[in-house]
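J.: Handing over structure.txt, compact mmCIF, N, CA and C atoms.
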```txt
# COMPACT_ATOMS: atom_id res chain seq x y z
N MET A 1 -77.12 -29.53 85.92
CA MET A 1 -75.95 -30.29 86.29
C MET A 1 -75.56 -30.03 87.75
N LYS A 2 -75.63 -28.75 88.19
CA LYS A 2 -75.32 -28.43 89.57
C LYS A 2 -76.26 -29.17 90.51
N ARG A 3 -77.54 -29.19 90.14
CA ARG A 3 -78.54 -29.83 90.98
C ARG A 3 -78.22 -31.33 91.11
N PHE A 4 -77.84 -31.96 90.01
CA PHE A 4 -77.49 -33.38 90.02
C PHE A 4 -76.28 -33.61 90.92
N PHE A 5 -75.26 -32.76 90.79
CA PHE A 5 -74.05 -32.88 91.61
C PHE A 5 -74.38 -32.73 93.09
N LEU A 6 -75.20 -31.73 93.45
CA LEU A 6 -75.58 -31.53 94.84
C LEU A 6 -76.37 -32.72 95.38
N MET A 7 -77.26 -33.26 94.55
CA MET A 7 -78.03 -34.42 94.99
C MET A 7 -77.11 -35.62 95.20
N LEU A 8 -76.16 -35.83 94.29
CA LEU A 8 -75.21 -36.93 94.42
C LEU A 8 -74.34 -36.75 95.67
N LEU A 9 -73.89 -35.54 95.93
CA LEU A 9 -73.10 -35.25 97.11
C LEU A 9 -73.91 -35.50 98.39
N THR A 10 -75.16 -35.08 98.41
CA THR A 10 -76.03 -35.29 99.57
C THR A 10 -76.23 -36.77 99.83
N ILE A 11 -76.49 -37.54 98.78
CA ILE A 11 -76.68 -38.99 98.92
C ILE A 11 -75.41 -39.63 99.45
N SER A 12 -74.27 -39.20 98.94
CA SER A 12 -72.99 -39.76 99.40
C SER A 12 -72.76 -39.47 100.87
N LEU A 13 -73.02 -38.25 101.30
CA LEU A 13 -72.82 -37.88 102.70
C LEU A 13 -73.78 -38.64 103.61
N LEU A 14 -75.02 -38.79 103.19
CA LEU A 14 -75.98 -39.55 103.98
C LEU A 14 -75.55 -41.01 104.09
N GLY A 15 -75.02 -41.55 103.00
CA GLY A 15 -74.53 -42.93 103.02
C GLY A 15 -73.38 -43.09 103.99
N CYS A 16 -72.46 -42.12 104.03
CA CYS A 16 -71.34 -42.18 104.98
C CYS A 16 -71.85 -42.13 106.42
N ASN A 17 -72.83 -41.28 106.68
CA ASN A 17 -73.41 -41.21 108.02
C ASN A 17 -74.07 -42.52 108.40
N ALA A 18 -74.74 -43.17 107.46
CA ALA A 18 -75.40 -44.45 107.74
C ALA A 18 -74.36 -45.51 108.06
N ILE A 19 -73.26 -45.54 107.31
CA ILE A 19 -72.21 -46.51 107.57
C ILE A 19 -71.59 -46.27 108.94
N THR A 20 -71.34 -45.00 109.27
CA THR A 20 -70.79 -44.67 110.58
C THR A 20 -71.74 -45.10 111.68
N ALA A 21 -73.03 -44.86 111.50
CA ALA A 21 -74.02 -45.25 112.51
C ALA A 21 -74.03 -46.77 112.69
N ILE A 22 -73.91 -47.52 111.61
CA ILE A 22 -73.88 -48.98 111.70
C ILE A 22 -72.63 -49.42 112.46
N ASN A 23 -71.49 -48.80 112.19
CA ASN A 23 -70.25 -49.16 112.86
C ASN A 23 -70.29 -48.82 114.35
N GLN A 24 -71.17 -47.93 114.77
CA GLN A 24 -71.23 -47.52 116.17
C GLN A 24 -72.25 -48.32 116.98
N ARG A 25 -72.98 -49.24 116.34
CA ARG A 25 -73.93 -50.08 117.08
C ARG A 25 -73.18 -51.18 117.80
N SER A 26 -73.70 -51.57 118.95
CA SER A 26 -73.13 -52.69 119.69
C SER A 26 -73.54 -53.99 119.01
N PHE A 27 -72.60 -54.94 118.96
CA PHE A 27 -72.91 -56.24 118.41
C PHE A 27 -71.98 -57.28 119.02
N ILE A 28 -72.30 -58.54 118.78
CA ILE A 28 -71.48 -59.65 119.25
C ILE A 28 -70.68 -60.14 118.06
N ASP A 29 -69.37 -60.11 118.16
CA ASP A 29 -68.49 -60.62 117.10
C ASP A 29 -68.40 -62.14 117.28
N VAL A 30 -68.99 -62.88 116.34
CA VAL A 30 -69.06 -64.34 116.48
C VAL A 30 -67.68 -64.99 116.55
N LYS A 31 -66.66 -64.31 116.06
CA LYS A 31 -65.30 -64.87 116.14
C LYS A 31 -64.78 -64.91 117.58
N LEU A 32 -65.43 -64.21 118.49
CA LEU A 32 -64.99 -64.16 119.88
C LEU A 32 -65.79 -65.08 120.80
N ILE A 33 -66.80 -65.75 120.26
CA ILE A 33 -67.61 -66.67 121.06
C ILE A 33 -66.83 -67.97 121.26
N GLY A 34 -66.87 -68.50 122.47
CA GLY A 34 -66.22 -69.78 122.73
C GLY A 34 -65.52 -69.78 124.08
N VAL A 35 -64.71 -70.82 124.28
CA VAL A 35 -63.92 -70.97 125.50
C VAL A 35 -62.48 -70.62 125.15
N TRP A 36 -61.93 -69.64 125.86
CA TRP A 36 -60.62 -69.08 125.56
C TRP A 36 -59.71 -69.21 126.78
N GLU A 37 -58.42 -69.42 126.55
CA GLU A 37 -57.44 -69.44 127.64
C GLU A 37 -56.38 -68.38 127.37
N GLY A 38 -55.93 -67.75 128.46
CA GLY A 38 -54.90 -66.74 128.34
C GLY A 38 -53.97 -66.75 129.54
N GLU A 39 -52.86 -66.05 129.38
CA GLU A 39 -51.87 -65.94 130.44
C GLU A 39 -51.17 -64.60 130.31
N TYR A 40 -50.85 -64.00 131.47
CA TYR A 40 -50.16 -62.73 131.51
C TYR A 40 -49.21 -62.74 132.71
N VAL A 41 -47.95 -62.35 132.49
CA VAL A 41 -46.98 -62.29 133.58
C VAL A 41 -46.75 -60.81 133.92
N GLU A 42 -47.05 -60.45 135.17
CA GLU A 42 -46.85 -59.08 135.62
C GLU A 42 -45.38 -58.82 135.86
N GLU A 43 -45.01 -57.55 135.95
CA GLU A 43 -43.61 -57.17 136.22
C GLU A 43 -43.12 -57.77 137.54
N SER A 44 -44.01 -57.94 138.51
CA SER A 44 -43.65 -58.49 139.81
C SER A 44 -43.37 -59.99 139.75
N GLY A 45 -43.71 -60.62 138.63
CA GLY A 45 -43.52 -62.06 138.48
C GLY A 45 -44.78 -62.86 138.68
N THR A 46 -45.86 -62.21 139.15
CA THR A 46 -47.13 -62.90 139.31
C THR A 46 -47.63 -63.38 137.96
N VAL A 47 -48.02 -64.66 137.91
CA VAL A 47 -48.54 -65.24 136.67
C VAL A 47 -50.06 -65.31 136.76
N LYS A 48 -50.73 -64.59 135.86
CA LYS A 48 -52.19 -64.62 135.78
C LYS A 48 -52.57 -65.58 134.66
N LYS A 49 -53.40 -66.56 134.99
CA LYS A 49 -53.94 -67.47 133.98
C LYS A 49 -55.45 -67.43 134.09
N TRP A 50 -56.12 -67.62 132.97
CA TRP A 50 -57.57 -67.61 133.00
C TRP A 50 -58.16 -68.45 131.89
N THR A 51 -59.40 -68.85 132.13
CA THR A 51 -60.24 -69.48 131.12
C THR A 51 -61.51 -68.66 131.06
N GLN A 52 -61.82 -68.16 129.87
CA GLN A 52 -63.00 -67.30 129.70
C GLN A 52 -63.96 -67.97 128.74
N ILE A 53 -65.24 -67.98 129.13
CA ILE A 53 -66.30 -68.43 128.23
C ILE A 53 -67.08 -67.20 127.80
N ARG A 54 -67.04 -66.89 126.50
CA ARG A 54 -67.82 -65.80 125.94
C ARG A 54 -68.99 -66.42 125.19
N ASN A 55 -70.20 -66.09 125.63
CA ASN A 55 -71.42 -66.65 125.04
C ASN A 55 -72.01 -65.75 123.96
N ALA A 56 -72.82 -66.35 123.12
CA ALA A 56 -73.47 -65.64 122.02
C ALA A 56 -74.49 -64.62 122.51
N ASP A 57 -74.95 -64.75 123.76
CA ASP A 57 -75.94 -63.81 124.28
C ASP A 57 -75.28 -62.58 124.92
N GLY A 58 -73.94 -62.45 124.79
CA GLY A 58 -73.24 -61.29 125.32
C GLY A 58 -72.82 -61.41 126.77
N THR A 59 -72.92 -62.60 127.34
CA THR A 59 -72.46 -62.81 128.71
C THR A 59 -71.12 -63.53 128.70
N TYR A 60 -70.40 -63.41 129.82
CA TYR A 60 -69.13 -64.13 129.94
C TYR A 60 -68.90 -64.55 131.37
N THR A 61 -68.03 -65.54 131.53
CA THR A 61 -67.53 -65.98 132.83
C THR A 61 -66.04 -66.22 132.68
N ILE A 62 -65.25 -65.74 133.65
CA ILE A 62 -63.80 -65.96 133.63
C ILE A 62 -63.39 -66.60 134.96
N ASP A 63 -62.65 -67.70 134.87
CA ASP A 63 -62.04 -68.33 136.04
C ASP A 63 -60.57 -67.92 136.04
N PHE A 64 -60.17 -67.13 137.05
CA PHE A 64 -58.81 -66.63 137.18
C PHE A 64 -58.01 -67.46 138.16
N SER A 65 -56.69 -67.55 137.92
CA SER A 65 -55.75 -68.15 138.86
C SER A 65 -54.49 -67.28 138.84
N PHE A 66 -54.15 -66.68 139.98
CA PHE A 66 -52.95 -65.84 140.10
C PHE A 66 -51.94 -66.58 140.97
N THR A 67 -50.75 -66.82 140.43
CA THR A 67 -49.70 -67.50 141.17
C THR A 67 -48.56 -66.53 141.44
N GLU A 68 -48.26 -66.34 142.75
CA GLU A 68 -47.18 -65.43 143.17
C GLU A 68 -45.83 -66.15 143.06
N LEU A 69 -44.75 -65.41 143.22
CA LEU A 69 -43.40 -65.99 143.15
C LEU A 69 -43.17 -67.07 144.20
N ASP A 70 -43.85 -66.96 145.35
CA ASP A 70 -43.69 -67.97 146.41
C ASP A 70 -44.64 -69.17 146.21
N ASP A 71 -45.22 -69.29 145.02
CA ASP A 71 -46.15 -70.36 144.63
C ASP A 71 -47.50 -70.29 145.34
N THR A 72 -47.79 -69.18 146.03
CA THR A 72 -49.12 -68.97 146.57
C THR A 72 -50.08 -68.70 145.40
N THR A 73 -51.22 -69.38 145.42
CA THR A 73 -52.18 -69.22 144.32
C THR A 73 -53.51 -68.70 144.85
N LYS A 74 -54.05 -67.72 144.16
CA LYS A 74 -55.38 -67.18 144.45
C LYS A 74 -56.25 -67.44 143.23
N SER A 75 -57.46 -67.89 143.46
CA SER A 75 -58.40 -68.14 142.36
C SER A 75 -59.70 -67.42 142.63
N PHE A 76 -60.33 -66.94 141.57
CA PHE A 76 -61.65 -66.33 141.69
C PHE A 76 -62.33 -66.35 140.33
N THR A 77 -63.63 -66.09 140.36
CA THR A 77 -64.44 -66.09 139.14
C THR A 77 -65.10 -64.74 138.97
N GLU A 78 -65.19 -64.29 137.72
CA GLU A 78 -65.84 -63.03 137.39
C GLU A 78 -66.85 -63.32 136.28
N SER A 79 -68.00 -62.65 136.33
CA SER A 79 -68.98 -62.75 135.25
C SER A 79 -69.41 -61.36 134.85
N GLY A 80 -69.91 -61.28 133.63
CA GLY A 80 -70.35 -59.98 133.15
C GLY A 80 -70.89 -60.04 131.74
N ARG A 81 -70.80 -58.87 131.10
CA ARG A 81 -71.30 -58.74 129.72
C ARG A 81 -70.16 -58.27 128.81
N TRP A 82 -70.24 -58.65 127.54
CA TRP A 82 -69.25 -58.22 126.55
C TRP A 82 -69.97 -57.86 125.25
N TRP A 83 -69.32 -56.99 124.46
CA TRP A 83 -69.84 -56.59 123.15
C TRP A 83 -68.73 -55.90 122.39
N VAL A 84 -69.01 -55.63 121.12
CA VAL A 84 -68.09 -54.91 120.25
C VAL A 84 -68.84 -53.68 119.73
N LYS A 85 -68.14 -52.55 119.71
CA LYS A 85 -68.73 -51.32 119.19
C LYS A 85 -67.60 -50.44 118.66
N GLY A 86 -67.80 -49.90 117.47
CA GLY A 86 -66.80 -49.00 116.90
C GLY A 86 -65.44 -49.64 116.75
N GLY A 87 -65.40 -50.95 116.51
CA GLY A 87 -64.14 -51.65 116.33
C GLY A 87 -63.41 -51.98 117.62
N LEU A 88 -64.01 -51.69 118.79
CA LEU A 88 -63.39 -51.99 120.07
C LEU A 88 -64.19 -53.07 120.80
N PHE A 89 -63.48 -53.86 121.61
CA PHE A 89 -64.07 -54.88 122.45
C PHE A 89 -64.35 -54.26 123.81
N TYR A 90 -65.57 -54.44 124.33
CA TYR A 90 -65.97 -53.91 125.63
C TYR A 90 -66.30 -55.07 126.56
N GLU A 91 -65.96 -54.89 127.84
CA GLU A 91 -66.23 -55.91 128.84
C GLU A 91 -66.53 -55.21 130.16
N VAL A 92 -67.62 -55.61 130.80
CA VAL A 92 -67.97 -55.03 132.10
C VAL A 92 -68.39 -56.15 133.03
N ALA A 93 -67.79 -56.17 134.22
CA ALA A 93 -68.10 -57.18 135.23
C ALA A 93 -69.40 -56.81 135.94
N LEU A 94 -70.17 -57.82 136.28
CA LEU A 94 -71.39 -57.62 137.04
C LEU A 94 -71.11 -58.00 138.49
N PRO A 95 -71.74 -57.49 139.48
CA PRO A 95 -72.92 -56.65 139.39
C PRO A 95 -72.62 -55.16 139.32
N GLN A 96 -71.35 -54.76 139.46
CA GLN A 96 -71.06 -53.32 139.55
C GLN A 96 -71.46 -52.55 138.30
N GLU A 97 -71.31 -53.12 137.14
CA GLU A 97 -71.69 -52.46 135.89
C GLU A 97 -71.23 -51.00 135.83
N GLY A 98 -70.00 -50.75 136.19
CA GLY A 98 -69.44 -49.41 136.04
C GLY A 98 -69.08 -49.17 134.59
N ARG A 99 -68.06 -48.40 134.38
CA ARG A 99 -67.60 -48.15 133.02
C ARG A 99 -66.89 -49.40 132.51
N PRO A 100 -67.18 -49.82 131.30
CA PRO A 100 -66.55 -51.04 130.79
C PRO A 100 -65.08 -50.81 130.44
N ASP A 101 -64.31 -51.89 130.50
CA ASP A 101 -62.95 -51.86 129.98
C ASP A 101 -63.07 -51.91 128.45
N LYS A 102 -62.19 -51.17 127.78
CA LYS A 102 -62.20 -51.12 126.31
C LYS A 102 -60.85 -51.62 125.80
N TYR A 103 -60.90 -52.45 124.77
CA TYR A 103 -59.69 -53.01 124.18
C TYR A 103 -59.75 -52.93 122.66
N GLN A 104 -58.60 -52.68 122.06
CA GLN A 104 -58.43 -52.97 120.64
C GLN A 104 -58.21 -54.46 120.57
N TYR A 105 -58.69 -55.11 119.52
CA TYR A 105 -58.45 -56.54 119.40
C TYR A 105 -58.18 -56.90 117.95
N PHE A 106 -57.37 -57.93 117.79
CA PHE A 106 -56.99 -58.37 116.44
C PHE A 106 -56.45 -59.79 116.52
N SER A 107 -56.50 -60.47 115.40
CA SER A 107 -55.99 -61.85 115.32
C SER A 107 -54.59 -61.84 114.75
N LYS A 108 -53.66 -62.43 115.48
CA LYS A 108 -52.29 -62.58 114.99
C LYS A 108 -52.12 -63.94 114.33
N LYS A 109 -52.79 -64.95 114.89
CA LYS A 109 -52.72 -66.28 114.31
C LYS A 109 -54.07 -66.96 114.50
N LYS A 110 -54.27 -68.03 113.76
CA LYS A 110 -55.54 -68.74 113.78
C LYS A 110 -55.92 -69.17 115.21
N ASP A 111 -57.16 -68.95 115.57
CA ASP A 111 -57.73 -69.33 116.85
C ASP A 111 -57.12 -68.60 118.05
N CYS A 112 -56.43 -67.49 117.82
CA CYS A 112 -55.91 -66.66 118.91
C CYS A 112 -56.25 -65.20 118.63
N VAL A 113 -56.56 -64.47 119.69
CA VAL A 113 -56.90 -63.05 119.57
C VAL A 113 -56.03 -62.28 120.56
N SER A 114 -55.50 -61.15 120.12
CA SER A 114 -54.71 -60.27 120.99
C SER A 114 -55.55 -59.06 121.37
N PHE A 115 -55.38 -58.61 122.60
CA PHE A 115 -56.11 -57.47 123.13
C PHE A 115 -55.11 -56.45 123.65
N VAL A 116 -55.38 -55.17 123.40
CA VAL A 116 -54.57 -54.07 123.93
C VAL A 116 -55.52 -53.13 124.65
N LEU A 117 -55.27 -52.89 125.94
CA LEU A 117 -56.14 -52.04 126.74
C LEU A 117 -56.13 -50.61 126.22
N VAL A 118 -57.32 -50.06 126.05
CA VAL A 118 -57.49 -48.68 125.61
C VAL A 118 -57.96 -47.81 126.78
N GLU A 119 -58.89 -48.36 127.59
CA GLU A 119 -59.43 -47.58 128.71
C GLU A 119 -59.95 -48.52 129.79
N SER A 120 -59.64 -48.18 131.06
CA SER A 120 -60.12 -48.97 132.19
C SER A 120 -60.10 -48.14 133.45
N ASP A 121 -61.09 -48.34 134.30
CA ASP A 121 -61.10 -47.70 135.62
C ASP A 121 -60.38 -48.56 136.64
N GLY A 122 -60.34 -49.89 136.42
CA GLY A 122 -59.89 -50.78 137.47
C GLY A 122 -58.49 -51.35 137.33
N LEU A 123 -57.80 -51.14 136.23
CA LEU A 123 -56.48 -51.74 136.06
C LEU A 123 -55.39 -50.72 136.29
N ALA A 124 -54.36 -51.13 136.98
CA ALA A 124 -53.26 -50.23 137.31
C ALA A 124 -52.27 -50.08 136.15
N GLU A 125 -52.25 -51.05 135.24
CA GLU A 125 -51.30 -50.97 134.13
C GLU A 125 -51.60 -49.73 133.28
N GLY A 126 -50.58 -49.19 132.66
CA GLY A 126 -50.76 -48.03 131.80
C GLY A 126 -51.53 -48.40 130.55
N MET A 127 -52.35 -47.48 130.08
CA MET A 127 -53.12 -47.72 128.88
C MET A 127 -52.17 -48.00 127.72
N GLY A 128 -52.50 -49.01 126.94
CA GLY A 128 -51.68 -49.38 125.79
C GLY A 128 -50.52 -50.29 126.16
N SER A 129 -50.17 -50.36 127.46
CA SER A 129 -49.06 -51.22 127.86
C SER A 129 -49.55 -52.59 128.34
N TYR A 130 -50.85 -52.72 128.57
CA TYR A 130 -51.42 -54.00 129.00
C TYR A 130 -51.92 -54.71 127.75
N GLU A 131 -51.18 -55.72 127.34
CA GLU A 131 -51.50 -56.47 126.13
C GLU A 131 -51.42 -57.95 126.45
N PHE A 132 -52.39 -58.71 125.97
CA PHE A 132 -52.40 -60.15 126.20
C PHE A 132 -53.09 -60.84 125.03
N SER A 133 -52.93 -62.14 124.97
CA SER A 133 -53.58 -62.95 123.93
C SER A 133 -54.37 -64.06 124.59
N GLU A 134 -55.41 -64.47 123.91
CA GLU A 134 -56.22 -65.61 124.30
C GLU A 134 -56.33 -66.53 123.10
N CYS A 135 -56.36 -67.84 123.37
CA CYS A 135 -56.51 -68.81 122.29
C CYS A 135 -57.75 -69.66 122.55
N LEU A 136 -58.46 -69.94 121.47
CA LEU A 136 -59.68 -70.72 121.53
C LEU A 136 -59.36 -72.17 121.85
N VAL A 137 -60.04 -72.73 122.86
CA VAL A 137 -59.82 -74.13 123.23
C VAL A 137 -61.06 -74.98 123.00
N ALA A 138 -62.24 -74.35 122.89
CA ALA A 138 -63.47 -75.10 122.66
C ALA A 138 -64.58 -74.14 122.23
N ASP A 139 -65.59 -74.71 121.60
CA ASP A 139 -66.78 -73.91 121.29
C ASP A 139 -67.51 -73.57 122.58
N SER A 140 -68.27 -72.51 122.53
CA SER A 140 -69.06 -72.10 123.69
C SER A 140 -70.24 -73.05 123.86
N PRO A 141 -70.66 -73.25 125.11
CA PRO A 141 -71.88 -74.02 125.32
C PRO A 141 -73.06 -73.30 124.62
N PRO A 142 -74.13 -74.02 124.30
CA PRO A 142 -75.26 -73.38 123.63
C PRO A 142 -75.78 -72.21 124.44
N ALA A 143 -76.15 -71.14 123.75
CA ALA A 143 -76.66 -69.95 124.42
C ALA A 143 -78.05 -70.21 124.97
N THR A 144 -78.35 -69.55 126.08
CA THR A 144 -79.69 -69.63 126.65
C THR A 144 -80.46 -68.40 126.23
N ILE A 145 -81.73 -68.57 126.02
CA ILE A 145 -82.58 -67.43 125.65
C ILE A 145 -82.89 -66.69 126.94
N GLY A 146 -82.69 -65.40 126.93
CA GLY A 146 -82.93 -64.61 128.14
C GLY A 146 -82.35 -63.25 127.98
N ASP A 147 -81.84 -62.70 129.06
CA ASP A 147 -81.25 -61.36 129.05
C ASP A 147 -80.05 -61.34 128.12
N SER A 148 -79.93 -60.28 127.35
CA SER A 148 -78.77 -60.09 126.50
C SER A 148 -78.40 -58.62 126.53
N ILE A 149 -77.38 -58.26 125.77
CA ILE A 149 -76.90 -56.88 125.83
C ILE A 149 -77.93 -55.91 125.30
```
In structure tokens, write the structure found in this file.
T.:
Amino acid sequence: MKRFFLMLLTISLLGCNAITAINQRSFIDVKLIGVWEGEYVEESGTVKKWTQIRNADGTYTIDFSFTELDDTTKSFTESGRWWVKGGLFYEVALPQEGRPDKYQYFSKKKDCVSFVLVESDGLAEGMGSYEFSECLVADSPPATIGDSI
């Protein structure tokens, strides 16, 4: 009986390790693929708006527009790679490929996803205080076969 119990315990522990290992693999969450729009208002009053295309091959492009209080607008585009690992969303801009930004993400309502910053080298906002939502506006263009995560 002891031997059976030990064998059952060993199998259970190995199963838990396998599940943990699966949860720690990088993958593309299909719910995040598509064309998304978001907006964030900084404390200074600057309005950040963006349209992000997240592709099935793990690449993304974001078109940003920042409007200052004096109606001055700056626009730029960023591209990079994205993935999900351990329940967190990761995003890294190319070509620098430094440490990726990490976010918790969750759906509050249909076709919208909320993100809360967990870790970043490049953002001045305090961790956990930078939160924004994006809403799906269109399906992503078909993925191209090539480099992926």
J.: A:Phe76, A:Leu69, A:Val84, A:Gln52: which is nearest A:Val30, counting only C-alpha atoms?
T.: A:Val84
J.: If you count all atoms listed in the file, which residues fall within 7 Å of A:Val35, apart from same-chain ones fewer than 6 positions away, as a PyMOL selection string?
T.: chain A and resi 51-54+135-141
J.: Write to file, as a PDB file, in the coordinates of the input, the residues of the selection just made, with N, CA and C atoms.
T.:
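Final output, selection.pdb:
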```
ATOM      1  N   THR A  51     -59.400 -68.850 132.130  1.00  0.00           N
ATOM      2  CA  THR A  51     -60.240 -69.480 131.120  1.00  0.00           C
ATOM      3  C   THR A  51     -61.510 -68.660 131.060  1.00  0.00           C
ATOM      4  N   GLN A  52     -61.820 -68.160 129.870  1.00  0.00           N
ATOM      5  CA  GLN A  52     -63.000 -67.300 129.700  1.00  0.00           C
ATOM      6  C   GLN A  52     -63.960 -67.970 128.740  1.00  0.00           C
ATOM      7  N   ILE A  53     -65.240 -67.980 129.130  1.00  0.00           N
ATOM      8  CA  ILE A  53     -66.300 -68.430 128.230  1.00  0.00           C
ATOM      9  C   ILE A  53     -67.080 -67.200 127.800  1.00  0.00           C
ATOM     10  N   ARG A  54     -67.040 -66.890 126.500  1.00  0.00           N
ATOM     11  CA  ARG A  54     -67.820 -65.800 125.940  1.00  0.00           C
ATOM     12  C   ARG A  54     -68.990 -66.420 125.190  1.00  0.00           C
ATOM     13  N   CYS A 135     -56.360 -67.840 123.370  1.00  0.00           N
ATOM     14  CA  CYS A 135     -56.510 -68.810 122.290  1.00  0.00           C
ATOM     15  C   CYS A 135     -57.750 -69.660 122.550  1.00  0.00           C
ATOM     16  N   LEU A 136     -58.460 -69.940 121.470  1.00  0.00           N
ATOM     17  CA  LEU A 136     -59.680 -70.720 121.530  1.00  0.00           C
ATOM     18  C   LEU A 136     -59.360 -72.170 121.850  1.00  0.00           C
ATOM     19  N   VAL A 137     -60.040 -72.730 122.860  1.00  0.00           N
ATOM     20  CA  VAL A 137     -59.820 -74.130 123.230  1.00  0.00           C
ATOM     21  C   VAL A 137     -61.060 -74.980 123.000  1.00  0.00           C
ATOM     22  N   ALA A 138     -62.240 -74.350 122.890  1.00  0.00           N
ATOM     23  CA  ALA A 138     -63.470 -75.100 122.660  1.00  0.00           C
ATOM     24  C   ALA A 138     -64.580 -74.140 122.230  1.00  0.00           C
ATOM     25  N   ASP A 139     -65.590 -74.710 121.600  1.00  0.00           N
ATOM     26  CA  ASP A 139     -66.780 -73.910 121.290  1.00  0.00           C
ATOM     27  C   ASP A 139     -67.510 -73.570 122.580  1.00  0.00           C
ATOM     28  N   SER A 140     -68.270 -72.510 122.530  1.00  0.00           N
ATOM     29  CA  SER A 140     -69.060 -72.100 123.690  1.00  0.00           C
ATOM     30  C   SER A 140     -70.240 -73.050 123.860  1.00  0.00           C
ATOM     31  N   PRO A 141     -70.660 -73.250 125.110  1.00  0.00           N
ATOM     32  CA  PRO A 141     -71.880 -74.020 125.320  1.00  0.00           C
ATOM     33  C   PRO A 141     -73.060 -73.300 124.620  1.00  0.00           C
TER      34      PRO A 141
END
```
J.: Given the choices A:Ala56, A:Ser75, A:Lys102, A:Asp121, which gets closest to A:Leu88 if the distance is worked out from only N, CA and C atoms?
T.: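 Ranking A:Ala56, A:Ser75, A:Lys102, A:Asp121 by distance to A:Leu88, first place goes to A:Lys102.
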J.: Could you state the separation of atom C of A:Thr61 and atom C of A:Phe89 in Å, given to one decimal place?
T.: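 Result for atom C of A:Thr61 versus atom C of A:Phe89: 15.0 Å, one decimal.
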J.: Report, in Å with one decimal, the straight-line distance from atom CA of A:Val113 to atom N of A:Leu32.
T.: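 Distance reported for this atom pair: 8.7 Å.
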J.: Between atom CA of A:Phe115 and atom C of A:Tyr130, what distance in Å does the model show, to one decimal?
T.: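 Between atom CA of A:Phe115 and atom C of A:Tyr130 the gap is 6.8 Å.
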J.: Find the residues around A:Lys48 up to 6 Å (only C-alpha atoms counted), leave out those fewer than 5 positions away in its own chain, and share them as a PDB file with N, CA and C atoms, in the frame of the given file.
T.:
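Writing done, so here's result_2.pdb:
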```
ATOM      1  N   GLU A  39     -52.860 -66.050 129.380  1.00  0.00           N
ATOM      2  CA  GLU A  39     -51.870 -65.940 130.440  1.00  0.00           C
ATOM      3  C   GLU A  39     -51.170 -64.600 130.310  1.00  0.00           C
ATOM      4  N   TYR A  40     -50.850 -64.000 131.470  1.00  0.00           N
ATOM      5  CA  TYR A  40     -50.160 -62.730 131.510  1.00  0.00           C
ATOM      6  C   TYR A  40     -49.210 -62.740 132.710  1.00  0.00           C
ATOM      7  N   SER A  65     -56.690 -67.550 137.920  1.00  0.00           N
ATOM      8  CA  SER A  65     -55.750 -68.150 138.860  1.00  0.00           C
ATOM      9  C   SER A  65     -54.490 -67.280 138.840  1.00  0.00           C
ATOM     10  N   PHE A  66     -54.150 -66.680 139.980  1.00  0.00           N
ATOM     11  CA  PHE A  66     -52.950 -65.840 140.100  1.00  0.00           C
ATOM     12  C   PHE A  66     -51.940 -66.580 140.970  1.00  0.00           C
TER      13      PHE A  66
END
```
J.: Excluding A:Arg81 and any residue of its chain fewer than 2 positions from it, enumerate the residues within 6 Å of it, using only N, CA and C atoms, and give them as a list in words.
T.: Gly58, Thr59, Tyr60, Ser79, Trp83, Tyr90, Glu91, Val92, Ala93 and Leu94 of chain A
J.: Go through A:Gly38, A:Tyr105, A:Ser114, A:Pro100 and flag the residue nearest A:Trp82, using only C-alpha atoms for the distances.
T.: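 Of the candidates, the smallest distance to A:Trp82 is held by A:Pro100.
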J.: Find, counting only C-alpha atoms, the residue in A:Asn55, A:Asp29, A:Glu43, A:Trp50 that gets nearest to A:Ser129.
T.: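 Of A:Asn55, A:Asp29, A:Glu43, A:Trp50, the one nearest A:Ser129, counting only C-alpha atoms, is A:Glu43.
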J.: So, with all atoms listed in the file as the atoms that count, which of A:Ser26, A:Tyr103, A:Thr73, A:Glu37 lies closest to A:Ser133?
T.: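 Result for the nearest residue to A:Ser133: A:Glu37.
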